[in-house]
Every structure is written in C-alpha cells, then in structure tokens.
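Colleague: Contents of work.tsv (TSV, C-alpha atoms and all ligand atoms) are below:
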```tsv
chain	number	residue	atom	x	y	z
A	1407	MET	CA	-5.37	29.69	-2.38
A	1408	SER	CA	-6.67	26.32	-1.19
A	1409	PRO	CA	-4.78	23.28	-2.37
A	1410	TYR	CA	-6.18	20.64	-4.67
A	1411	LEU	CA	-7.51	17.80	-2.48
A	1412	ILE	CA	-6.61	14.41	-3.88
A	1413	ASN	CA	-9.69	12.28	-3.28
A	1414	GLY	CA	-8.55	8.69	-2.78
A	1415	SER	CA	-12.11	7.37	-2.61
A	1416	ILE	CA	-12.91	8.65	-6.10
A	1417	LEU	CA	-9.61	7.32	-7.45
A	1418	ALA	CA	-10.25	3.94	-5.81
A	1419	GLU	CA	-13.71	3.72	-7.37
A	1420	ARG	CA	-12.20	4.49	-10.80
A	1421	GLN	CA	-9.60	1.81	-10.20
A	1422	ARG	CA	-12.28	-0.71	-9.18
A	1423	GLU	CA	-14.27	0.10	-12.32
A	1424	GLN	CA	-11.19	-0.71	-14.40
A	1425	ILE	CA	-10.66	-3.93	-12.41
A	1426	ARG	CA	-14.32	-4.94	-12.96
A	1427	ASN	CA	-13.84	-4.62	-16.73
A	1428	GLU	CA	-10.67	-6.72	-16.62
A	1429	VAL	CA	-12.34	-9.36	-14.43
A	1430	ARG	CA	-15.36	-9.49	-16.77
A	1431	SER	CA	-13.07	-10.19	-19.67
A	1432	LEU	CA	-11.05	-12.80	-17.71
A	1433	ARG	CA	-14.23	-14.54	-16.55
A	1434	SER	CA	-15.48	-14.70	-20.13
A	1435	GLU	CA	-12.32	-16.68	-20.87
A	1436	GLY	CA	-12.92	-19.01	-17.92
A	1437	VAL	CA	-10.42	-17.40	-15.51
A	1438	LEU	CA	-11.80	-16.58	-12.04
A	1439	PRO	CA	-9.30	-14.38	-10.16
A	1440	CYS	CA	-9.10	-15.45	-6.51
A	1441	LEU	CA	-7.29	-13.81	-3.61
A	1442	ALA	CA	-6.33	-16.00	-0.65
A	1443	ALA	CA	-5.73	-14.06	2.56
A	1444	ILE	CA	-4.06	-15.89	5.43
A	1445	ARG	CA	-4.90	-14.73	8.93
A	1446	ILE	CA	-3.17	-16.37	11.85
A	1447	GLY	CA	-4.94	-15.79	15.14
A	1448	GLU	CA	-7.34	-12.98	15.94
A	1449	ASP	CA	-6.23	-9.37	15.63
A	1450	PRO	CA	-9.03	-6.76	15.53
A	1451	ALA	CA	-7.26	-4.56	12.94
A	1452	ALA	CA	-6.45	-7.56	10.72
A	1453	SER	CA	-10.05	-8.75	10.98
A	1454	ALA	CA	-11.37	-5.33	9.96
A	1455	TYR	CA	-8.90	-5.25	7.07
A	1456	ALA	CA	-9.98	-8.75	5.97
A	1457	ARG	CA	-13.65	-7.66	6.00
A	1458	SER	CA	-12.90	-4.64	3.82
A	1459	GLN	CA	-10.85	-6.82	1.43
A	1460	ALA	CA	-13.74	-9.30	1.17
A	1461	ARG	CA	-16.23	-6.49	0.48
A	1462	GLU	CA	-14.10	-4.86	-2.21
A	1463	ALA	CA	-13.14	-8.17	-3.83
A	1464	SER	CA	-16.80	-9.09	-4.06
A	1465	SER	CA	-17.64	-5.69	-5.60
A	1466	CYS	CA	-15.08	-6.51	-8.31
A	1467	GLN	CA	-16.26	-10.11	-8.81
A	1468	ILE	CA	-12.96	-11.41	-7.43
A	1469	GLU	CA	-13.20	-14.55	-5.31
A	1470	TYR	CA	-11.92	-14.04	-1.77
A	1471	ARG	CA	-10.78	-16.93	0.39
A	1472	LEU	CA	-9.93	-16.13	4.00
A	1473	VAL	CA	-7.65	-18.86	5.32
A	1474	GLU	CA	-7.92	-18.70	9.11
A	1475	LEU	CA	-5.20	-20.49	11.05
A	1476	GLN	CA	-4.93	-21.16	14.78
A	1477	PRO	CA	-2.57	-18.79	16.66
A	1478	ASP	CA	-0.50	-21.75	17.94
A	1479	ILE	CA	0.19	-23.17	14.48
A	1480	LEU	CA	3.82	-24.18	14.05
A	1481	VAL	CA	5.96	-22.52	11.40
A	1482	THR	CA	6.07	-25.83	9.49
A	1483	GLY	CA	2.27	-25.93	9.47
A	1484	ALA	CA	2.01	-22.34	8.19
A	1485	LEU	CA	4.62	-23.04	5.48
A	1486	ALA	CA	2.67	-26.14	4.41
A	1487	VAL	CA	-0.52	-24.06	4.02
A	1488	ILE	CA	1.38	-21.49	1.92
A	1489	GLU	CA	2.81	-24.24	-0.27
A	1490	GLU	CA	-0.66	-25.69	-0.78
A	1491	LEU	CA	-1.93	-22.27	-1.92
A	1492	ASN	CA	1.17	-21.79	-4.10
A	1493	THR	CA	0.31	-24.92	-6.06
A	1494	ASP	CA	-3.48	-24.52	-6.07
A	1495	PRO	CA	-4.40	-23.43	-9.61
A	1496	SER	CA	-7.65	-21.81	-8.41
A	1497	ILE	CA	-5.67	-19.25	-6.35
A	1498	SER	CA	-4.29	-16.22	-8.21
A	1499	GLY	CA	-2.82	-14.26	-5.31
A	1500	ILE	CA	-1.82	-14.82	-1.69
A	1501	MET	CA	-1.44	-12.24	1.09
A	1502	LEU	CA	-0.53	-12.62	4.74
A	1503	HIS	CA	-2.29	-10.56	7.38
A	1504	LEU	CA	-0.04	-9.00	10.02
A	1505	PRO	CA	0.66	-8.96	12.88
A	1506	LEU	CA	1.55	-12.61	13.43
A	1507	PRO	CA	1.79	-14.41	16.77
A	1508	ALA	CA	5.24	-13.81	18.29
A	1509	HIS	CA	6.64	-17.27	17.46
A	1510	LEU	CA	6.16	-16.77	13.71
A	1511	ASP	CA	8.53	-14.82	11.45
A	1512	ALA	CA	6.67	-12.65	8.92
A	1513	PHE	CA	9.72	-12.41	6.67
A	1514	LEU	CA	10.09	-16.19	6.45
A	1515	LEU	CA	6.41	-16.75	5.64
A	1516	GLN	CA	6.20	-13.90	3.12
A	1517	GLN	CA	9.28	-15.16	1.26
A	1518	ALA	CA	7.60	-18.59	1.01
A	1519	ILE	CA	4.79	-17.15	-1.14
A	1520	ALA	CA	5.40	-17.94	-4.82
A	1521	PRO	CA	6.59	-14.73	-6.55
A	1522	ARG	CA	3.85	-14.96	-9.19
A	1523	LYS	CA	1.20	-15.02	-6.40
A	1524	ASP	CA	2.90	-12.45	-4.14
A	1525	VAL	CA	0.21	-9.78	-4.59
A	1526	GLU	CA	1.53	-7.64	-1.74
A	1527	GLY	CA	4.81	-7.40	-3.63
A	1528	VAL	CA	6.85	-8.03	-0.50
A	1529	GLY	CA	8.89	-11.01	-1.67
A	1530	ALA	CA	12.53	-10.69	-2.71
A	1531	THR	CA	11.74	-11.50	-6.35
A	1532	ASN	CA	9.14	-8.78	-6.84
A	1533	LEU	CA	11.17	-6.21	-4.90
A	1534	GLY	CA	14.22	-7.16	-6.97
A	1535	LEU	CA	12.28	-6.78	-10.20
A	1536	LEU	CA	11.07	-3.38	-9.04
A	1537	LEU	CA	14.67	-2.38	-8.32
A	1538	MET	CA	15.63	-3.43	-11.84
A	1539	GLY	CA	12.76	-1.48	-13.37
A	1540	ARG	CA	11.11	-4.69	-14.60
A	1541	LYS	CA	7.46	-5.68	-14.42
A	1542	ALA	CA	6.73	-6.59	-10.82
A	1543	LEU	CA	3.84	-6.94	-8.42
A	1544	VAL	CA	4.41	-3.64	-6.60
A	1545	PRO	CA	3.76	-3.21	-2.84
A	1546	CYS	CA	0.18	-1.97	-2.61
A	1547	THR	CA	0.62	1.07	-0.36
A	1548	ALA	CA	3.51	2.42	-2.41
A	1549	ALA	CA	1.46	1.85	-5.58
A	1550	ALA	CA	-1.50	3.62	-3.95
A	1551	ALA	CA	0.63	6.65	-3.03
A	1552	MET	CA	1.98	6.80	-6.61
A	1553	ALA	CA	-1.56	6.57	-8.00
A	1554	CYS	CA	-2.49	9.63	-5.91
A	1555	LEU	CA	0.49	11.52	-7.31
A	1556	LYS	CA	-0.15	10.41	-10.89
A	1557	SER	CA	-3.79	11.49	-10.67
A	1558	LEU	CA	-2.45	15.05	-10.93
A	1559	ALA	CA	-1.52	16.47	-14.28
A	1560	ASN	CA	1.81	17.70	-12.85
A	1561	PRO	CA	4.91	16.14	-14.37
A	1562	ILE	CA	7.07	13.95	-12.14
A	1563	GLU	CA	10.07	13.80	-14.44
A	1564	GLY	CA	12.98	15.93	-13.22
A	1565	ARG	CA	11.19	17.01	-10.02
A	1566	GLN	CA	12.78	17.00	-6.59
A	1567	ALA	CA	10.97	14.26	-4.66
A	1568	VAL	CA	11.54	13.56	-0.99
A	1569	VAL	CA	10.32	10.37	0.68
A	1570	VAL	CA	10.18	10.35	4.48
A	1571	GLY	CA	10.44	6.69	5.55
A	1572	ARG	CA	12.49	3.77	4.28
A	1573	SER	CA	10.43	0.70	5.16
A	1574	VAL	CA	10.46	-2.24	2.78
A	1575	ILE	CA	6.71	-2.08	2.18
A	1576	VAL	CA	6.31	1.69	1.71
A	1577	GLY	CA	9.30	4.06	1.74
A	1578	LYS	CA	11.83	2.10	-0.34
A	1579	PRO	CA	9.44	0.90	-3.07
A	1580	LEU	CA	7.97	4.40	-3.26
A	1581	ALA	CA	11.42	5.86	-3.81
A	1582	LEU	CA	12.03	3.30	-6.58
A	1583	LEU	CA	8.70	4.11	-8.24
A	1584	LEU	CA	9.54	7.82	-8.17
A	1585	LEU	CA	12.95	7.06	-9.70
A	1586	GLU	CA	11.21	4.99	-12.37
A	1587	SER	CA	9.15	8.10	-13.15
A	1588	HIS	CA	12.44	10.05	-13.45
A	1589	ALA	CA	12.15	12.16	-10.29
A	1590	THR	CA	15.31	13.08	-8.40
A	1591	VAL	CA	14.78	11.27	-5.13
A	1592	THR	CA	15.96	11.87	-1.57
A	1593	ILE	CA	15.06	9.34	1.13
A	1594	CYS	CA	14.85	10.53	4.74
A	1595	HIS	CA	14.57	8.39	7.87
A	1596	SER	CA	14.86	8.58	11.63
A	1597	ARG	CA	18.61	9.27	11.51
A	1598	THR	CA	18.32	12.06	8.94
A	1599	ARG	CA	19.76	15.32	10.19
A	1600	ASN	CA	17.95	18.58	9.40
A	1601	LEU	CA	14.81	16.88	8.10
A	1602	SER	CA	13.02	20.15	7.44
A	1603	GLU	CA	15.93	21.47	5.38
A	1604	LEU	CA	15.67	18.47	3.06
A	1605	THR	CA	11.87	18.30	2.91
A	1606	ARG	CA	11.69	22.02	2.07
A	1607	ARG	CA	13.59	21.25	-1.14
A	1608	ALA	CA	10.81	18.90	-2.22
A	1609	GLU	CA	8.46	19.66	-5.07
A	1610	ILE	CA	6.88	16.30	-4.25
A	1611	LEU	CA	6.84	15.18	-0.62
A	1612	MET	CA	5.76	11.62	0.20
A	1613	VAL	CA	5.48	10.91	3.92
A	1614	ALA	CA	5.45	7.38	5.36
A	1615	ALA	CA	7.08	7.80	8.75
A	1616	GLY	CA	4.45	6.28	11.01
A	1617	ARG	CA	4.61	9.37	13.26
A	1618	PRO	CA	1.36	11.29	13.70
A	1619	GLY	CA	1.76	14.95	12.75
A	1620	LEU	CA	5.51	14.72	12.10
A	1621	ILE	CA	5.38	17.02	9.08
A	1622	GLY	CA	4.20	20.60	9.57
A	1623	ALA	CA	4.38	23.95	7.84
A	1624	GLU	CA	8.08	24.26	8.67
A	1625	HIS	CA	8.83	21.21	6.48
A	1626	VAL	CA	7.05	22.30	3.31
A	1627	SER	CA	7.75	24.88	0.61
A	1628	PRO	CA	4.94	26.75	-1.13
A	1629	GLY	CA	3.43	24.83	-4.04
A	1630	CYS	CA	4.69	21.41	-2.92
A	1631	ILE	CA	2.58	18.30	-3.65
A	1632	VAL	CA	2.15	16.38	-0.39
A	1633	ILE	CA	1.14	12.73	-0.23
A	1634	ASP	CA	0.52	11.49	3.30
A	1635	VAL	CA	0.70	7.71	3.68
A	1636	GLY	CA	0.51	7.74	7.49
A	1637	ILE	CA	-2.61	6.59	9.22
A	1638	HIS	CA	-3.16	6.67	12.98
A	1639	ARG	CA	-6.01	6.56	15.46
A	1640	VAL	CA	-5.36	9.21	18.10
A	1641	GLU	CA	-7.34	10.66	20.97
A	1642	SER	CA	-8.56	14.19	20.46
A	1643	LYS	CA	-10.95	16.52	22.29
A	1644	GLN	CA	-14.38	17.64	21.11
A	1645	SER	CA	-15.44	21.29	21.57
A	1646	ASP	CA	-17.14	20.29	24.85
A	1647	GLY	CA	-13.84	18.79	26.07
A	1648	LYS	CA	-14.97	15.17	25.75
A	1649	PRO	CA	-12.37	12.78	24.32
A	1650	ILE	CA	-12.95	11.36	20.85
A	1651	MET	CA	-10.89	9.05	18.63
A	1652	LYS	CA	-9.73	10.63	15.36
A	1653	THR	CA	-7.88	9.32	12.31
A	1654	VAL	CA	-4.85	11.44	11.38
A	1655	GLY	CA	-1.82	11.15	9.14
A	1656	ASP	CA	1.89	11.88	9.43
A	1657	VAL	CA	1.20	15.39	8.14
A	1658	ARG	CA	-0.42	18.22	10.12
A	1659	PHE	CA	-3.08	18.67	7.51
A	1660	ASP	CA	-4.41	22.18	8.24
A	1661	GLU	CA	-0.94	23.77	8.43
A	1662	VAL	CA	0.42	22.05	5.36
A	1663	ALA	CA	-2.74	22.46	3.28
A	1664	ALA	CA	-2.31	26.22	3.62
A	1665	ILE	CA	1.01	25.98	1.73
A	1666	ALA	CA	0.77	22.93	-0.55
A	1667	SER	CA	-0.56	22.99	-4.11
A	1668	ALA	CA	-2.11	19.52	-3.70
A	1669	ILE	CA	-2.47	17.20	-0.73
A	1670	THR	CA	-4.03	13.89	0.28
A	1671	PRO	CA	-6.34	14.06	3.31
A	1672	VAL	CA	-6.30	11.41	6.04
A	1673	PRO	CA	-8.63	9.63	6.04
A	1674	GLY	CA	-9.72	9.56	2.39
A	1675	GLY	CA	-6.38	9.87	0.60
A	1676	VAL	CA	-3.95	7.00	0.09
A	1677	GLY	CA	-5.86	4.57	2.35
A	1678	PRO	CA	-8.88	3.80	0.13
A	1679	LEU	CA	-6.59	3.00	-2.81
A	1680	THR	CA	-4.52	0.38	-1.00
A	1681	VAL	CA	-7.03	-2.49	-1.25
A	1682	ALA	CA	-7.81	-1.50	-4.85
A	1683	MET	CA	-4.09	-1.97	-5.62
A	1684	LEU	CA	-4.13	-5.39	-3.95
A	1685	LEU	CA	-7.05	-6.39	-6.19
A	1686	GLU	CA	-5.29	-4.92	-9.22
A	1687	ASN	CA	-2.25	-7.10	-8.41
A	1688	THR	CA	-4.55	-10.12	-8.03
A	1689	VAL	CA	-5.96	-9.53	-11.51
A	1690	ARG	CA	-2.46	-9.07	-12.94
A	1691	ALA	CA	-1.37	-12.32	-11.30
A	1692	ALA	CA	-4.42	-14.14	-12.70
A	1693	LYS	CA	-3.74	-12.78	-16.19
A	1694	ARG	CA	-0.11	-13.81	-16.06
A	1695	GLU	CA	-0.98	-17.27	-14.79
A	1696	LYS	CA	-3.32	-17.66	-17.76
A	1697	GLN	CA	-0.71	-16.44	-20.27
A	1698	ASP	CA	2.19	-18.41	-18.83
A	1699	PRO	CA	1.44	-20.75	-15.91
A	1700	ARG	CA	5.17	-21.60	-15.60
A	1701	ALA	CA	6.25	-17.96	-15.11
A	1801	LIG	P1	7.58	1.74	9.49
A	1801	LIG	O1	7.46	2.03	10.95
A	1801	LIG	O2	7.95	0.38	9.05
A	1801	LIG	O3	8.64	2.77	8.87
A	1801	LIG	C1	8.65	4.11	9.22
A	1801	LIG	C2	9.81	4.78	8.56
A	1801	LIG	O4	9.80	6.16	8.92
A	1801	LIG	C3	11.17	4.23	8.98
A	1801	LIG	O5	12.00	4.12	7.86
A	1801	LIG	C4	11.69	5.26	9.97
A	1801	LIG	O6	13.11	5.42	9.93
A	1801	LIG	C5	11.05	6.54	9.44
A	1801	LIG	N1	10.86	7.50	10.52
A	1801	LIG	C6	10.37	7.29	11.75
A	1801	LIG	N2	10.40	8.41	12.48
A	1801	LIG	C7	10.97	9.35	11.69
A	1801	LIG	C8	11.31	10.72	11.91
A	1801	LIG	N3	11.08	11.33	13.07
A	1801	LIG	N4	11.87	11.38	10.89
A	1801	LIG	C9	12.12	10.78	9.70
A	1801	LIG	N5	11.82	9.49	9.45
A	1801	LIG	C10	11.25	8.79	10.44
A	1801	LIG	O7	6.18	2.19	8.87
A	1801	LIG	P2	5.52	1.78	7.45
A	1801	LIG	O8	6.40	2.16	6.34
A	1801	LIG	O9	5.00	0.41	7.53
A	1801	LIG	O10	4.25	2.75	7.47
A	1801	LIG	C11	4.39	4.14	7.45
A	1801	LIG	C12	3.04	4.78	7.71
A	1801	LIG	O11	2.16	4.40	6.69
A	1801	LIG	C13	2.38	4.34	9.03
A	1801	LIG	O12	1.69	5.44	9.57
A	1801	LIG	C14	1.38	3.29	8.61
A	1801	LIG	O13	0.25	3.22	9.47
A	1801	LIG	C15	0.99	3.84	7.25
A	1801	LIG	N6	0.48	2.81	6.36
A	1801	LIG	C16	-0.63	3.13	5.65
A	1801	LIG	C17	-1.17	2.23	4.80
A	1801	LIG	C18	-2.35	2.66	3.99
A	1801	LIG	O14	-3.05	1.83	3.45
A	1801	LIG	N7	-2.60	3.97	3.85
A	1801	LIG	C19	-0.64	0.87	4.66
A	1801	LIG	C20	0.63	0.68	5.34
A	1801	LIG	C21	1.14	1.62	6.18
A	1801	LIG	P3	14.12	4.24	10.36
A	1801	LIG	O15	14.18	3.31	9.18
A	1801	LIG	O16	15.40	4.95	10.57
A	1801	LIG	O17	13.56	3.61	11.57
```
Now that the file is in, can you turn its structure into structure tokens?

Modeller:
Amino acid sequence: MSPYLINGSILAERQREQIRNEVRSLRSEGVLPCLAAIRIGEDPAASAYARSQAREASSCQIEYRLVELQPDILVTGALAVIEELNTDPSISGIMLHLPLPAHLDAFLLQQAIAPRKDVEGVGATNLGLLLMGRKALVPCTAAAAMACLKSLANPIEGRQAVVVGRSVIVGKPLALLLLESHATVTICHSRTRNLSELTRRAEILMVAAGRPGLIGAEHVSPGCIVIDVGIHRVESKQSDGKPIMKTVGDVRFDEVAAIASAITPVPGGVGPLTVAMLLENTVRAAKREKQDPRA
C-alpha cells in the first residue's frame, strides 16, 4: 500500500491563511507585525531565503525589513544594530541570516537578540522555556516538522519516537516537542552505535542528520511515520546520462515510502512550512508585545 504523503505546501498555505486572519485582527487594532532580517555580506543561499521570506511575509501582510550589513562590519557594529532593532517598537521579530563572515560569531549575535523578538527561537531564553514546557518562540524548522506530524490523525502520546540529529536548531528542540506531546523519545547522533537497530524501533522517525540518503529501508519498520527534515542539492543523472541538480532529503524516499505509513517528500514536505513558522512566531511576538510590552 502506498504511504500517505504529507504535503507541506498545502499545510503551509493553511498556516498562512491562519496568519492572515491574525494579522488582519492585529492591524485593526493598530498593530503592524514586522520582521527584521539581518543579512551580513552576500551569500546566494541566504539571499534566496531572504527573497522567499519577503514574498511570504508580504502575502500575509507582515512588514519585512531586510537589514543588509557590510561583510567587514565589526562585531560591535553588528551588536549595535541588533540593540537598535531590540528597542525599536515598530519591529516585532528579528532573525539573523547565516552563514556569517568568518570573523563574526553567530552564537554571540543570536544571543544578543531580545528573547521576546527572537522569532527563530535560538536564544537561551526561548530554548530554556521550551525545555521547561513553557510558552516559547520555538525554532522554526523543529516546529515545521512537528506540524507535519500533527497534520496526521495518528496519536503521538505513548509512541516510540526516534530523532536522528541533535543540533540546537532542529534535533534537540524536536525531541523536546515530541516529549511535550508525550512520546517516548530516543535521540540518535553521529556517535550512535547500531543506528538502524534504534530507528527500527520507531513508530515516528524524525530525521535531521544533514546527510543525503542516510536513512533507507533497513532503518525503518513497516507502518512507521517518517518526517524528513534534510534538504540537499545533489548531482544526479538524467536518463540520457546528462548531469542534473536534484533536491533530496536525508531519507531515501522511494525505499522508505514502500514501508512507511506516512512520509514527507523532499522537496515539498517540511521545507515549505519553515518560513510559515517564522511568520507565525513574528505574529506571536507582535501579539505579546501588544499585551505586555515589558515581557
Ligand atoms: P547539523 O549538521 O547541525 O546537525 C546534524 C546532526 O545529525 C548532528 O547532531 C549530527 O550528530 C547528526 N548526524 C550526522 N551524521 C549522522 C549519522 N551518520 N548518523 C546519525 N546522526 C548523524 O544539521 P541541522 O540540524 O542544522 O540540519 C539537519 C538537516 O536539516 C540538514 O539537511 C539541513 O539542510 C536541514 N534543514 C532543513 C531546514 C528546512 O527548512 N527544511 C532548515 C534547517 C535545516 P553530531 O551531533 O554527533 O555531530
């Protein structure tokens, strides 16, 4: 039987529709949600990401301000810009495009973003709140992967969930979100022994390893729900032998789809939901600022 294909584009459009309603209501009360995105230097992937953020923000009536800084800016200069945005009442959320020039420390700059405006959810305060099961601005990719899972009617409570990857922006927050939903969670990483033995126990398998095609049929038990966070551009061959660039995930889709009960494709699964989650966090930040500007 073919698995259920989780369509991230449809889910993202539903999410944007919900955001539009919230923004309409905020605007009627005089609040204009605004996302400030800081880009330091020119990176083609960051520029493409900024363009897609601008497009989606505009489709949701969210203001988008791209703050472009010179690649040779000093750390003090970058911190001063962040502080200015932190205290600017017209800005609801701030995000920092990566990668940064080598002389700048992403951790230092991200931690300088005010927690109430940290819409990527990567600051210590929001991650700490998430750990404590409190209301937090949740890292967007982890939230997107959870939204894919929650779009299914299947219960999460009591299920064996395995997360492959333990990064701060995806694997760890994802594991915490699964715990919050009462799954029994195992986290695997590059030092895990017998990966396939552990992943085969999963009823829910979330993969964020950053390794194209890492997970194949040998890692998955029949009926498993598979959410693939990975996204890679790789060279492949057309039927005439000519090389072509293809987007693939961490999961070998065809093999795993033959066994799974539901699966996210790449592209078209988790990816489209990530920006929607960033906008959702921006709206939440704007709402909170309105309710309690001191929070
Ligand atoms: P990182 O490289 O920061 O983390 C990868 C994690 O996977 C690490 O914890 C690493 O373990 C683990 N890992 C690596 N190799 C293996 C292996 N062979 N077996 C088991 N675990 C392994 O990546 P990110 O978390 O930032 O991203 C993960 C993937 O998600 C990437 O493909 C990225 O492109 C994608 N992504 C997608 C987004 C979207 O919008 N869809 C947004 C952000 C990321 P260790 O800690 O031991 O090194």

Colleague: Excluding Thr1680 in chain A and residues on its chain fewer than 2 positions from it, collect all residues at most 6 Å away from it, counting all atoms listed in the file, and give them as a list in words.

Modeller: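 In the requested format, the answer is Cys1546, Thr1547, Ala1550, Gly1677, Pro1678, Ala1682 and Met1683 of chain A.
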
Colleague: Using all atoms listed in the file for the distances, tell me which of A:Ala1581, A:Ala1451, A:Leu1411, A:Leu1480 is nearest to Arg1639 in chain A.

Modeller: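 With all atoms listed in the file as the atom set, the closest residue is A:Ala1451.
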
Colleague: Go through A:Val1613, A:Leu1679, A:Leu1684, A:Ala1548 and flag the residue nearest Ser1415 in chain A, using only C-alpha atoms for the distances.

Modeller: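 Looking at the shortest contact to Ser1415 in chain A, the residue is A:Leu1679.
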
Colleague: Residues up to 9 Å from ligand LIG 1801 (chain A), counting all atoms listed in the file: could you list those as a VMD selection string?

Modeller: chain A and resid 1546 to 1548 1550 to 1551 1569 to 1578 1593 to 1599 1601 1613 to 1618 1620 to 1621 1634 to 1638 1655 to 1656 1672 to 1673 1675 to 1681

Colleague: Quick one: residues within 12 Å of Leu1514 in chain A, all atoms listed in the file, excluding same-chain residues fewer than 6 positions away - as a VMD selection string?

Modeller: chain A and resid 1481 to 1482 1484 to 1485 1488 1502 1506 1528 to 1530

Colleague: Of the residues A:Ser1496, A:Asn1532, A:Ser1557, A:Gln1467, which is the one nearest to Ala1692 in chain A, using all atoms listed in the file?

Modeller: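 When distances to Ala1692 in chain A are compared using all atoms listed in the file, the smallest one comes from A:Ser1496.
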
Colleague: Using all atoms listed in the file, find the one residue out of A:Leu1515, A:Cys1554, A:Ile1416, A:Ala1663 that sits nearest to Gly1483 in chain A.

Modeller: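 Of A:Leu1515, A:Cys1554, A:Ile1416, A:Ala1663, the one nearest Gly1483 in chain A is A:Leu1515, counting all atoms listed in the file.
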
Colleague: Using all atoms listed in the file, list the residues that have an atom at most 10 Å from (-11.2, -21.3, -1.2), coordinates as in the file, as a VMD selection string.

Modeller: chain A and resid 1440 to 1443 1469 to 1473 1491 1494 1496 to 1497

Colleague: Between A:His1503, A:Lys1648, A:Arg1522, A:Arg1565, which one has atoms that come closest to Glu1609 in chain A, using all atoms listed in the file?

Modeller: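 Closest to Glu1609 in chain A, using all atoms listed in the file: A:Arg1565.
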
Colleague: Distance CA of Glu1448 in chain A-CA of Gln1476 in chain A, one decimal place?

Modeller: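 Pair CA of Glu1448 in chain A / CA of Gln1476 in chain A returns 8.6 Å.
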
Colleague: Would you mind telling me which residue in A:Asp1511, A:Pro1505, A:Val1525, A:Met1651 lies nearest to Tyr1455 in chain A when using all atoms listed in the file?

Modeller: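 Closest to Tyr1455 in chain A of all the choices is A:Pro1505.
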
Colleague: Could you check which residues have any atom within 8 Å of (6.7, 6.5, -10.2), counting all atoms listed in the file with coordinates taken straight from the file, and then list them as number ranges by chain?

Modeller: A: 1552, 1556, 1562, 1580-1589

Colleague: How many Å lie between CA of Pro1507 in chain A and CA of Ser1453 in chain A, rounded to one decimal?

Modeller: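 Distance reported for this atom pair: 14.3 Å.
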
Colleague: What does the distance from CA of Gln1459 in chain A to CA of Leu1685 in chain A come to in Å, to one decimal?

Modeller: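 Taking CA of Gln1459 in chain A and CA of Leu1685 in chain A, their separation equals 8.5 Å.
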
Colleague: As a ChimeraX atom specification, please: the residues near Arg1607 in chain A (cut-off 8 Å, all atoms listed in the file, same-chain neighbours under 3 positions excluded).

Modeller: /A:1566,1568,1603-1604,1626-1627

Colleague: Any chance you could build range 1414-1428 of chain A out to N, CA, C and O atoms and write it as a compact mmCIF listing (two decimals), keeping the file's coordinate frame?

Modeller:
```txt
# COMPACT_ATOMS: atom_id res chain seq x y z
N GLY A 1414 -8.89 10.10 -2.59
CA GLY A 1414 -8.55 8.69 -2.78
C GLY A 1414 -9.77 7.81 -3.00
O GLY A 1414 -9.68 6.79 -3.67
N SER A 1415 -10.91 8.20 -2.44
CA SER A 1415 -12.11 7.37 -2.61
C SER A 1415 -12.57 7.39 -4.06
O SER A 1415 -12.94 6.36 -4.62
N ILE A 1416 -12.52 8.56 -4.68
CA ILE A 1416 -12.91 8.65 -6.10
C ILE A 1416 -11.92 7.87 -6.96
O ILE A 1416 -12.30 7.11 -7.85
N LEU A 1417 -10.63 8.03 -6.66
CA LEU A 1417 -9.61 7.32 -7.45
C LEU A 1417 -9.77 5.81 -7.29
O LEU A 1417 -9.64 5.05 -8.25
N ALA A 1418 -10.09 5.38 -6.06
CA ALA A 1418 -10.25 3.94 -5.81
C ALA A 1418 -11.45 3.40 -6.58
O ALA A 1418 -11.41 2.30 -7.14
N GLU A 1419 -12.52 4.18 -6.63
CA GLU A 1419 -13.71 3.72 -7.37
C GLU A 1419 -13.39 3.60 -8.86
O GLU A 1419 -13.78 2.64 -9.52
N ARG A 1420 -12.61 4.57 -9.38
CA ARG A 1420 -12.20 4.49 -10.80
C ARG A 1420 -11.36 3.24 -11.03
O ARG A 1420 -11.53 2.54 -12.03
N GLN A 1421 -10.49 2.98 -10.10
CA GLN A 1421 -9.60 1.81 -10.20
C GLN A 1421 -10.44 0.52 -10.18
O GLN A 1421 -10.21 -0.40 -10.96
N ARG A 1422 -11.43 0.48 -9.27
CA ARG A 1422 -12.28 -0.71 -9.18
C ARG A 1422 -13.07 -0.91 -10.46
O ARG A 1422 -13.29 -2.03 -10.91
N GLU A 1423 -13.50 0.20 -11.07
CA GLU A 1423 -14.27 0.10 -12.32
C GLU A 1423 -13.39 -0.55 -13.39
O GLU A 1423 -13.83 -1.44 -14.14
N GLN A 1424 -12.14 -0.14 -13.44
CA GLN A 1424 -11.19 -0.71 -14.40
C GLN A 1424 -10.97 -2.21 -14.11
O GLN A 1424 -10.95 -3.03 -15.02
N ILE A 1425 -10.86 -2.53 -12.81
CA ILE A 1425 -10.66 -3.93 -12.41
C ILE A 1425 -11.88 -4.76 -12.82
O ILE A 1425 -11.74 -5.87 -13.35
N ARG A 1426 -13.09 -4.20 -12.60
CA ARG A 1426 -14.32 -4.94 -12.96
C ARG A 1426 -14.30 -5.29 -14.43
O ARG A 1426 -14.65 -6.41 -14.83
N ASN A 1427 -13.89 -4.35 -15.28
CA ASN A 1427 -13.84 -4.62 -16.73
C ASN A 1427 -12.86 -5.74 -17.03
O ASN A 1427 -13.16 -6.63 -17.82
N GLU A 1428 -11.69 -5.68 -16.36
CA GLU A 1428 -10.67 -6.72 -16.62
C GLU A 1428 -11.18 -8.08 -16.14
O GLU A 1428 -10.97 -9.09 -16.80
```
